[in-house]
Amino acid sequence: MRNRVETPSKPQLKRWKKLTMEKYRRREGLFLAEGKRVVGELLRSNRPLDALLVCEGKTDQWEALLSAAPTGVGIYRLSAHQWEGMSQDASPEGVMAVAAMQPPSDPSCLPDERGPLLLLYRVGDPNNLGALLRTADWFGFRTVLLSAGSCEATNPKVVRTSMGSLFHLTVVEEVDFERILPELRGCFHLVGSEVTEGGLPHPCEAGTALLMGSESHGLPSSLLALTDERWRIPGGKGVESLSLPQAAAILMYECTRKT
């Protein structure tokens with residue numbers, strides 16, 4: 001494996017560093033995936049890779065992980081200073097992948113599978129989105145639709161917080177929910193989340209789509225009017241609300257729970 005480790009060129013370093021910015025990720029069709037677990041899940045998913053990066057002094061530590069890289073994928077050793085310019089972690093583990101984005105899905109096309117689906121409206125916090133993707137993966141939501149105005153799914157914080165679950169999901173971005181929800185209702189039982197009104201969460205059939213809004217603003221009335229059912233989570237007094245990841249975990253659990 002040592003024979004595969006190379007020194008990157010200045011143009012390569014410049015290109016990779018720019019991937020911390022969304023416009024360059026979009027332009028290059030690449031994004032950064034940092035950390036042992038994230039890189040390991042990426043390698044297991046068989047998604048295409050552009051390169052694997054390791055921080056100097058940590059090549060031996062990650063030798064087994066790096067050895068799993070497909071033939072033809074370059075492995076590069078970066079100095080601590082070079083690593084600092086790209087890393088998102090306060091205490092970096094010293095291993096990172098430059099991964100290829102999945103071809104963008106057509107937001108106008110309905111999913112082929114019968115669900116369950118997770119629909120997220122204007123979720124702009126990358127840590128929240130990453131946590132939601134991880135929870136969706138745990139509960140078997142294989143497809144996630146993100147509305148326009150949501151955080152980009154390959155934002156480094158999303159990738160890191162999802163802990164590799166991003167690589168096991170189909171994530172469709174820039175979806176016009178006002179247009180697609182009426183079409184989804186013909187194929188799925190559409191459930192919307194509401195803080196103060198609605199019924200209690202309960203087990204559902206496979207063909208269910210769970211719609212959730214941002215932590216700050218929830219769902220607009222125009223979208224709630226398009227749902228088949230609304231759910232609320234009852235709770236005690238003295239707390240304004242649950243966090244979005246907490247609420248989503250409860251709803252996804254109830255939705256997929258076997259009776």
# chains A, B, ... in the order shown; residues from 1 in each chain; ligands from 1
call {"tool": "select_by_dssp", "arguments": {"residues": "region 9-243 of chain A", "states": "strand (DSSP E or B)", "output": "ChimeraX atom specification"}}
result
/A:30-34,49-55,74-78,95-100,117-120,143-147,170-175,189-193,199,208-212,214,218,229-231
call {"tool": "residues_around", "arguments": {"residues": "region 214-217 of chain A", "least_positions_apart": "5", "cutoff": "7 Å", "atoms": "only C-alpha atoms", "output": "ChimeraX atom specification"}}
result
/A:121-123,243-244
call {"tool": "closest_atom_pairs", "arguments": {"of": "region 118-168 of chain A", "to": "region 89-113 of chain A", "cutoff": "10 Å", "atoms": "only C-alpha atoms", "output": "CSV"}}
result
residue,atom,partner,partner_atom,distance
A:Arg142,CA,A:Glu113,CA,8.8
A:Thr143,CA,A:Pro111,CA,7.7
A:Val144,CA,A:Pro111,CA,9.7
A:Leu145,CA,A:Pro107,CA,8.3
A:Leu146,CA,A:Pro107,CA,9.2
A:Ser147,CA,A:Pro107,CA,9.2
A:Ala153,CA,A:Met101,CA,9.9
A:Thr154,CA,A:Met101,CA,8.0
A:Pro156,CA,A:Asp89,CA,9.9
A:Lys157,CA,A:Asp89,CA,9.2
A:Arg160,CA,A:Asp89,CA,9.0
A:Phe167,CA,A:Gln102,CA,9.5
call {"tool": "select_by_dssp", "arguments": {"residues": "region 38-148 of chain A", "states": "alpha helix (DSSP H)", "output": "number ranges by chain"}}
result
A: 38-45, 63-67, 80-84, 126-138
call {"tool": "residues_around", "arguments": {"residues": "Leu181 (chain A)", "least_positions_apart": "5", "cutoff": "9 Å", "atoms": "only C-alpha atoms", "output": "list in words"}}
result
Asp176, Gly186, Leu190, Leu223, Leu226 and Thr227 of chain A
call {"tool": "write_last_selection", "arguments": {"atoms": "C-alpha atoms", "output": "compact mmCIF listing (two decimals), in the first residue's frame"}}
result
# COMPACT_ATOMS: atom_id res chain seq x y z
CA ASP A 176 -40.90 21.73 -5.73
CA GLY A 186 -51.88 9.37 -5.66
CA LEU A 190 -48.91 11.60 2.96
CA LEU A 223 -48.36 22.16 2.34
CA LEU A 226 -52.07 18.76 0.84
CA THR A 227 -51.47 15.98 3.41
call {"tool": "residues_around", "arguments": {"residues": "Arg37 (chain A)", "least_positions_apart": "5", "cutoff": "9 Å", "atoms": "only C-alpha atoms", "output": "MDAnalysis selection string"}}
result
chainID A and resid 42 163:164
call {"tool": "closest_residue", "arguments": {"among": "A:Glu194, A:Cys204, A:Ser9, A:Arg185", "to": "Ser221 (chain A)", "atoms": "only C-alpha atoms"}}
result
A:Glu194
call {"tool": "closest_residue", "arguments": {"among": "A:Ser162, A:Thr256, A:Asn127, A:Ser150", "to": "Val175 (chain A)", "atoms": "only C-alpha atoms"}}
result
A:Ser150
call {"tool": "closest_residue", "arguments": {"among": "A:Tyr24, A:Trp62, A:Phe177, A:Phe188", "to": "Leu120 (chain A)", "atoms": "only C-alpha atoms"}}
result
A:Phe177
call {"tool": "residues_around", "arguments": {"residues": "Glu205 (chain A)", "least_positions_apart": "3", "cutoff": "9 Å", "atoms": "only C-alpha atoms", "output": "list in words"}}
result
Gly115, Pro116, His189, Thr208, Cys255 and Thr256 of chain A
call {"tool": "closest_residue", "arguments": {"among": "A:Leu169, A:Cys187, A:Ala206, A:Leu200", "to": "Pro234 (chain A)", "atoms": "only C-alpha atoms"}}
result
A:Leu200
call {"tool": "closest_residue", "arguments": {"among": "A:Ala225, A:Leu210, A:Leu132, A:Leu166", "to": "Pro182 (chain A)", "atoms": "only C-alpha atoms"}}
result
A:Ala225
call {"tool": "residues_around", "arguments": {"residues": "region 245-253 of chain A", "least_positions_apart": "3", "cutoff": "12 Å", "atoms": "only C-alpha atoms", "output": "mmCIF file with N, CA, C and O atoms, in the first residue's frame"}}
result
data_model
loop_
_atom_site.group_PDB
_atom_site.id
_atom_site.type_symbol
_atom_site.label_atom_id
_atom_site.label_comp_id
_atom_site.auth_asym_id
_atom_site.auth_seq_id
_atom_site.Cartn_x
_atom_site.Cartn_y
_atom_site.Cartn_z
ATOM 1 N N GLY A 115 -41.826 3.223 -0.608
ATOM 2 C CA GLY A 115 -41.574 3.929 0.635
ATOM 3 C C GLY A 115 -41.036 3.035 1.736
ATOM 4 O O GLY A 115 -40.685 1.895 1.488
ATOM 5 N N PRO A 116 -40.980 3.563 2.956
ATOM 6 C CA PRO A 116 -41.420 4.913 3.290
ATOM 7 C C PRO A 116 -40.480 5.998 2.751
ATOM 8 O O PRO A 116 -39.297 5.744 2.543
ATOM 9 N N LEU A 117 -41.043 7.166 2.517
ATOM 10 C CA LEU A 117 -40.275 8.302 2.024
ATOM 11 C C LEU A 117 -40.178 9.357 3.120
ATOM 12 O O LEU A 117 -41.096 9.517 3.922
ATOM 13 N N LEU A 118 -39.079 10.092 3.120
ATOM 14 C CA LEU A 118 -38.926 11.236 4.015
ATOM 15 C C LEU A 118 -38.840 12.488 3.154
ATOM 16 O O LEU A 118 -38.005 12.577 2.252
ATOM 17 N N LEU A 119 -39.713 13.442 3.429
ATOM 18 C CA LEU A 119 -39.758 14.704 2.699
ATOM 19 C C LEU A 119 -39.397 15.828 3.657
ATOM 20 O O LEU A 119 -40.040 15.988 4.705
ATOM 21 N N LEU A 120 -38.391 16.612 3.326
ATOM 22 C CA LEU A 120 -37.892 17.658 4.220
ATOM 23 C C LEU A 120 -38.017 19.014 3.538
ATOM 24 O O LEU A 120 -37.450 19.237 2.462
ATOM 25 N N VAL A 123 -35.042 22.613 5.240
ATOM 26 C CA VAL A 123 -34.153 22.293 6.364
ATOM 27 C C VAL A 123 -32.780 22.861 6.025
ATOM 28 O O VAL A 123 -32.050 22.296 5.208
ATOM 29 N N ASP A 125 -30.252 23.836 8.332
ATOM 30 C CA ASP A 125 -29.146 23.570 9.257
ATOM 31 C C ASP A 125 -28.442 22.280 8.839
ATOM 32 O O ASP A 125 -29.051 21.213 8.852
ATOM 33 N N PRO A 126 -27.149 22.341 8.482
ATOM 34 C CA PRO A 126 -26.470 21.136 7.998
ATOM 35 C C PRO A 126 -26.361 20.036 9.038
ATOM 36 O O PRO A 126 -26.435 18.854 8.702
ATOM 37 N N ASN A 127 -26.202 20.400 10.308
ATOM 38 C CA ASN A 127 -26.128 19.377 11.349
ATOM 39 C C ASN A 127 -27.480 18.676 11.526
ATOM 40 O O ASN A 127 -27.541 17.469 11.740
ATOM 41 N N ASN A 128 -28.568 19.444 11.452
ATOM 42 C CA ASN A 128 -29.887 18.836 11.505
ATOM 43 C C ASN A 128 -30.111 17.897 10.323
ATOM 44 O O ASN A 128 -30.605 16.777 10.486
ATOM 45 N N LEU A 129 -29.731 18.357 9.128
ATOM 46 C CA LEU A 129 -29.945 17.525 7.944
ATOM 47 C C LEU A 129 -29.127 16.242 8.026
ATOM 48 O O LEU A 129 -29.627 15.155 7.718
ATOM 49 N N GLY A 130 -27.883 16.342 8.457
ATOM 50 C CA GLY A 130 -27.061 15.143 8.597
ATOM 51 C C GLY A 130 -27.657 14.156 9.576
ATOM 52 O O GLY A 130 -27.697 12.947 9.335
ATOM 53 N N ALA A 131 -28.147 14.666 10.716
ATOM 54 C CA ALA A 131 -28.780 13.799 11.715
ATOM 55 C C ALA A 131 -30.042 13.153 11.166
ATOM 56 O O ALA A 131 -30.329 11.978 11.429
ATOM 57 N N LEU A 132 -30.822 13.889 10.376
ATOM 58 C CA LEU A 132 -32.039 13.353 9.772
ATOM 59 C C LEU A 132 -31.724 12.234 8.783
ATOM 60 O O LEU A 132 -32.426 11.215 8.725
ATOM 61 N N LEU A 133 -30.663 12.403 7.999
ATOM 62 C CA LEU A 133 -30.277 11.360 7.048
ATOM 63 C C LEU A 133 -29.837 10.097 7.771
ATOM 64 O O LEU A 133 -30.165 8.974 7.361
ATOM 65 N N ARG A 134 -29.102 10.271 8.861
ATOM 66 C CA ARG A 134 -28.661 9.111 9.641
ATOM 67 C C ARG A 134 -29.859 8.361 10.228
ATOM 68 O O ARG A 134 -29.920 7.122 10.202
ATOM 69 N N THR A 135 -30.836 9.113 10.755
ATOM 70 C CA THR A 135 -32.024 8.496 11.323
ATOM 71 C C THR A 135 -32.868 7.828 10.250
ATOM 72 O O THR A 135 -33.417 6.736 10.460
ATOM 73 N N ALA A 136 -32.993 8.473 9.096
ATOM 74 C CA ALA A 136 -33.756 7.879 7.988
ATOM 75 C C ALA A 136 -33.161 6.540 7.581
ATOM 76 O O ALA A 136 -33.891 5.561 7.348
ATOM 77 N N ASP A 137 -31.849 6.486 7.496
ATOM 78 C CA ASP A 137 -31.171 5.241 7.139
ATOM 79 C C ASP A 137 -31.466 4.152 8.175
ATOM 80 O O ASP A 137 -31.741 2.994 7.846
ATOM 81 N N TRP A 138 -31.438 4.513 9.451
ATOM 82 C CA TRP A 138 -31.678 3.550 10.534
ATOM 83 C C TRP A 138 -33.072 2.940 10.439
ATOM 84 O O TRP A 138 -33.260 1.744 10.630
ATOM 85 N N PHE A 139 -34.074 3.773 10.121
ATOM 86 C CA PHE A 139 -35.452 3.303 10.117
ATOM 87 C C PHE A 139 -35.937 2.833 8.738
ATOM 88 O O PHE A 139 -37.119 2.538 8.579
ATOM 89 N N GLY A 140 -35.041 2.759 7.773
ATOM 90 C CA GLY A 140 -35.408 2.173 6.488
ATOM 91 C C GLY A 140 -36.051 3.106 5.489
ATOM 92 O O GLY A 140 -36.681 2.655 4.527
ATOM 93 N N PHE A 141 -35.887 4.414 5.680
ATOM 94 C CA PHE A 141 -36.347 5.377 4.675
ATOM 95 C C PHE A 141 -35.253 5.489 3.607
ATOM 96 O O PHE A 141 -34.259 6.178 3.797
ATOM 97 N N THR A 161 -22.037 14.605 9.802
ATOM 98 C CA THR A 161 -23.063 14.301 10.791
ATOM 99 C C THR A 161 -23.890 13.081 10.395
ATOM 100 O O THR A 161 -24.389 12.352 11.264
ATOM 101 N N SER A 162 -24.024 12.841 9.106
ATOM 102 C CA SER A 162 -24.780 11.657 8.659
ATOM 103 C C SER A 162 -24.025 10.367 8.954
ATOM 104 O O SER A 162 -24.604 9.280 8.885
ATOM 105 N N VAL A 191 -48.214 12.047 5.244
ATOM 106 C CA VAL A 191 -48.364 12.456 6.646
ATOM 107 C C VAL A 191 -47.520 13.705 6.895
ATOM 108 O O VAL A 191 -46.320 13.721 6.605
ATOM 109 N N GLY A 192 -48.143 14.753 7.429
ATOM 110 C CA GLY A 192 -47.427 15.971 7.763
ATOM 111 C C GLY A 192 -47.265 16.129 9.259
ATOM 112 O O GLY A 192 -48.128 15.708 10.040
ATOM 113 N N SER A 193 -46.162 16.725 9.697
ATOM 114 C CA SER A 193 -45.929 16.946 11.131
ATOM 115 C C SER A 193 -46.427 18.337 11.517
ATOM 116 O O SER A 193 -46.244 19.308 10.785
ATOM 117 N N GLU A 194 -47.054 18.412 12.686
ATOM 118 C CA GLU A 194 -47.592 19.676 13.184
ATOM 119 C C GLU A 194 -47.377 19.715 14.688
ATOM 120 O O GLU A 194 -47.550 18.704 15.372
ATOM 121 N N VAL A 195 -46.987 20.853 15.227
ATOM 122 C CA VAL A 195 -46.610 20.919 16.636
ATOM 123 C C VAL A 195 -47.828 20.865 17.552
ATOM 124 O O VAL A 195 -47.819 20.187 18.583
ATOM 125 N N GLY A 199 -53.366 14.103 14.917
ATOM 126 C CA GLY A 199 -53.472 12.866 15.663
ATOM 127 C C GLY A 199 -52.131 12.389 16.172
ATOM 128 O O GLY A 199 -51.082 12.976 15.895
ATOM 129 N N LEU A 200 -52.180 11.313 16.936
ATOM 130 C CA LEU A 200 -50.949 10.740 17.469
ATOM 131 C C LEU A 200 -50.265 9.886 16.417
ATOM 132 O O LEU A 200 -50.925 9.233 15.596
ATOM 133 N N PRO A 201 -48.931 9.849 16.410
ATOM 134 C CA PRO A 201 -48.206 8.983 15.472
ATOM 135 C C PRO A 201 -48.585 7.522 15.669
ATOM 136 O O PRO A 201 -48.879 7.089 16.788
ATOM 137 N N HIS A 202 -48.540 6.756 14.590
ATOM 138 C CA HIS A 202 -48.932 5.346 14.665
ATOM 139 C C HIS A 202 -48.268 4.576 13.532
ATOM 140 O O HIS A 202 -47.802 5.169 12.552
ATOM 141 N N PRO A 203 -48.203 3.249 13.622
ATOM 142 C CA PRO A 203 -47.617 2.442 12.551
ATOM 143 C C PRO A 203 -48.381 2.646 11.233
ATOM 144 O O PRO A 203 -49.598 2.825 11.233
ATOM 145 N N CYS A 204 -47.646 2.612 10.128
ATOM 146 C CA CYS A 204 -48.225 2.833 8.810
ATOM 147 C C CYS A 204 -47.810 1.726 7.852
ATOM 148 O O CYS A 204 -46.836 0.998 8.094
ATOM 149 N N ALA A 206 -46.284 0.423 4.172
ATOM 150 C CA ALA A 206 -45.020 0.806 3.516
ATOM 151 C C ALA A 206 -45.177 2.052 2.658
ATOM 152 O O ALA A 206 -44.278 2.875 2.574
ATOM 153 N N THR A 208 -45.971 5.073 2.698
ATOM 154 C CA THR A 208 -46.187 6.299 3.468
ATOM 155 C C THR A 208 -45.074 7.288 3.185
ATOM 156 O O THR A 208 -43.904 6.909 3.067
ATOM 157 N N ALA A 209 -45.422 8.552 3.087
ATOM 158 C CA ALA A 209 -44.446 9.623 2.929
ATOM 159 C C ALA A 209 -44.598 10.570 4.114
ATOM 160 O O ALA A 209 -45.687 11.098 4.355
ATOM 161 N N LEU A 210 -43.499 10.765 4.855
ATOM 162 C CA LEU A 210 -43.507 11.607 6.051
ATOM 163 C C LEU A 210 -42.909 12.963 5.698
ATOM 164 O O LEU A 210 -41.773 13.056 5.249
ATOM 165 N N LEU A 211 -43.699 14.018 5.914
ATOM 166 C CA LEU A 211 -43.310 15.380 5.548
ATOM 167 C C LEU A 211 -43.010 16.179 6.803
ATOM 168 O O LEU A 211 -43.849 16.284 7.700
ATOM 169 N N MET A 212 -41.807 16.768 6.866
ATOM 170 C CA MET A 212 -41.396 17.573 8.017
ATOM 171 C C MET A 212 -40.791 18.889 7.542
ATOM 172 O O MET A 212 -40.161 18.954 6.480
ATOM 173 N N GLY A 213 -40.969 19.936 8.350
ATOM 174 C CA GLY A 213 -40.432 21.244 8.027
ATOM 175 C C GLY A 213 -39.218 21.589 8.854
ATOM 176 O O GLY A 213 -38.700 20.760 9.617
ATOM 177 N N SER A 214 -38.760 22.822 8.738
ATOM 178 C CA SER A 214 -37.577 23.258 9.466
ATOM 179 C C SER A 214 -37.882 23.383 10.951
ATOM 180 O O SER A 214 -39.040 23.479 11.364
ATOM 181 N N GLU A 215 -36.824 23.388 11.749
ATOM 182 C CA GLU A 215 -36.998 23.494 13.193
ATOM 183 C C GLU A 215 -37.580 24.845 13.590
ATOM 184 O O GLU A 215 -38.375 24.940 14.529
ATOM 185 N N GLY A 218 -41.345 25.130 10.810
ATOM 186 C CA GLY A 218 -42.276 24.033 10.562
ATOM 187 C C GLY A 218 -42.754 24.008 9.125
ATOM 188 O O GLY A 218 -42.030 24.385 8.203
ATOM 189 N N ARG A 230 -52.271 14.511 9.681
ATOM 190 C CA ARG A 230 -51.300 15.309 10.418
ATOM 191 C C ARG A 230 -51.013 14.636 11.757
ATOM 192 O O ARG A 230 -51.924 14.132 12.415
ATOM 193 N N TRP A 231 -49.722 14.678 12.149
ATOM 194 C CA TRP A 231 -49.315 14.100 13.425
ATOM 195 C C TRP A 231 -48.721 15.170 14.325
ATOM 196 O O TRP A 231 -48.028 16.075 13.867
ATOM 197 N N ARG A 232 -48.974 15.024 15.607
ATOM 198 C CA ARG A 232 -48.308 15.842 16.621
ATOM 199 C C ARG A 232 -47.719 14.905 17.671
ATOM 200 O O ARG A 232 -48.162 13.764 17.824
ATOM 201 N N ILE A 233 -46.727 15.391 18.381
ATOM 202 C CA ILE A 233 -46.090 14.606 19.442
ATOM 203 C C ILE A 233 -46.472 15.229 20.771
ATOM 204 O O ILE A 233 -46.048 16.347 21.083
ATOM 205 N N PRO A 234 -47.281 14.549 21.580
ATOM 206 C CA PRO A 234 -47.662 15.127 22.880
ATOM 207 C C PRO A 234 -46.465 15.154 23.822
ATOM 208 O O PRO A 234 -45.589 14.294 23.772
ATOM 209 N N GLY A 235 -46.423 16.169 24.661
ATOM 210 C CA GLY A 235 -45.311 16.281 25.600
ATOM 211 C C GLY A 235 -45.704 17.029 26.848
ATOM 212 O O GLY A 235 -46.827 17.531 26.973
ATOM 213 N N SER A 241 -40.610 23.016 22.510
ATOM 214 C CA SER A 241 -40.722 21.997 21.464
ATOM 215 C C SER A 241 -39.500 21.092 21.490
ATOM 216 O O SER A 241 -38.499 21.391 22.147
ATOM 217 N N LEU A 242 -39.587 19.987 20.763
ATOM 218 C CA LEU A 242 -38.443 19.111 20.550
ATOM 219 C C LEU A 242 -37.580 19.676 19.431
ATOM 220 O O LEU A 242 -38.041 20.460 18.593
ATOM 221 N N THR A 256 -42.722 3.317 11.211
ATOM 222 C CA THR A 256 -42.229 2.007 10.755
ATOM 223 C C THR A 256 -42.397 0.901 11.794
ATOM 224 O O THR A 256 -42.054 -0.253 11.527
ATOM 225 N N ARG A 257 -42.936 1.257 12.972
ATOM 226 C CA ARG A 257 -43.097 0.264 14.041
ATOM 227 C C ARG A 257 -44.104 -0.813 13.625
ATOM 228 O O ARG A 257 -45.150 -0.508 13.061
ATOM 229 N N LYS A 258 -43.765 -2.055 13.940
ATOM 230 C CA LYS A 258 -44.663 -3.156 13.651
ATOM 231 C C LYS A 258 -45.703 -3.287 14.760
ATOM 232 O O LYS A 258 -45.377 -3.221 15.939
ATOM 233 N N THR A 259 -46.934 -3.475 14.378
ATOM 234 C CA THR A 259 -48.004 -3.632 15.380
ATOM 235 C C THR A 259 -48.029 -5.059 15.918
ATOM 236 O O THR A 259 -47.547 -5.979 15.286
#
call {"tool": "residues_around", "arguments": {"residues": "Arg15 (chain A)", "least_positions_apart": "3", "cutoff": "10 Å", "atoms": "only C-alpha atoms", "output": "ChimeraX atom specification"}}
result
/A:9-12,18-20,24-25,28,30
call {"tool": "write_last_selection", "arguments": {"atoms": "N, CA, C and O atoms", "output": "JSON list (two decimals), in the first residue's frame"}}
result
[["chain", "number", "residue", "atom", "x", "y", "z"],
["A", 9, "SER", "N", -0.05, 17.43, -6.13],
["A", 9, "SER", "CA", 0.46, 18.64, -6.78],
["A", 9, "SER", "C", -0.27, 19.87, -6.24],
["A", 9, "SER", "O", -1.33, 19.76, -5.61],
["A", 10, "LYS", "N", 0.28, 21.02, -6.50],
["A", 10, "LYS", "CA", -0.37, 22.26, -6.07],
["A", 10, "LYS", "C", -1.75, 22.43, -6.70],
["A", 10, "LYS", "O", -2.69, 22.85, -6.01],
["A", 11, "PRO", "N", -1.91, 22.15, -8.00],
["A", 11, "PRO", "CA", -3.26, 22.27, -8.58],
["A", 11, "PRO", "C", -4.27, 21.32, -7.93],
["A", 11, "PRO", "O", -5.43, 21.68, -7.75],
["A", 12, "GLN", "N", -3.83, 20.11, -7.57],
["A", 12, "GLN", "CA", -4.73, 19.18, -6.90],
["A", 12, "GLN", "C", -5.16, 19.73, -5.54],
["A", 12, "GLN", "O", -6.35, 19.71, -5.19],
["A", 18, "LYS", "N", -11.04, 24.00, -2.63],
["A", 18, "LYS", "CA", -12.23, 24.72, -3.10],
["A", 18, "LYS", "C", -13.52, 23.93, -2.87],
["A", 18, "LYS", "O", -14.60, 24.51, -2.88],
["A", 19, "LEU", "N", -13.39, 22.63, -2.64],
["A", 19, "LEU", "CA", -14.59, 21.81, -2.43],
["A", 19, "LEU", "C", -15.26, 22.09, -1.09],
["A", 19, "LEU", "O", -16.34, 21.56, -0.83],
["A", 20, "THR", "N", -14.64, 22.93, -0.26],
["A", 20, "THR", "CA", -15.32, 23.36, 0.96],
["A", 20, "THR", "C", -16.43, 24.36, 0.63],
["A", 20, "THR", "O", -17.25, 24.67, 1.50],
["A", 24, "TYR", "N", -18.23, 25.31, -5.99],
["A", 24, "TYR", "CA", -17.18, 24.49, -6.59],
["A", 24, "TYR", "C", -17.53, 23.01, -6.52],
["A", 24, "TYR", "O", -17.18, 22.24, -7.43],
["A", 25, "ARG", "N", -18.22, 22.59, -5.47],
["A", 25, "ARG", "CA", -18.69, 21.19, -5.43],
["A", 25, "ARG", "C", -19.63, 20.94, -6.59],
["A", 25, "ARG", "O", -19.55, 19.90, -7.26],
["A", 28, "GLU", "N", -17.53, 20.97, -9.93],
["A", 28, "GLU", "CA", -16.63, 19.84, -10.10],
["A", 28, "GLU", "C", -17.34, 18.49, -10.01],
["A", 28, "GLU", "O", -16.81, 17.48, -10.46],
["A", 30, "LEU", "N", -17.82, 16.98, -7.20],
["A", 30, "LEU", "CA", -17.05, 16.29, -6.16],
["A", 30, "LEU", "C", -17.34, 16.91, -4.80],
["A", 30, "LEU", "O", -17.75, 18.06, -4.71]]
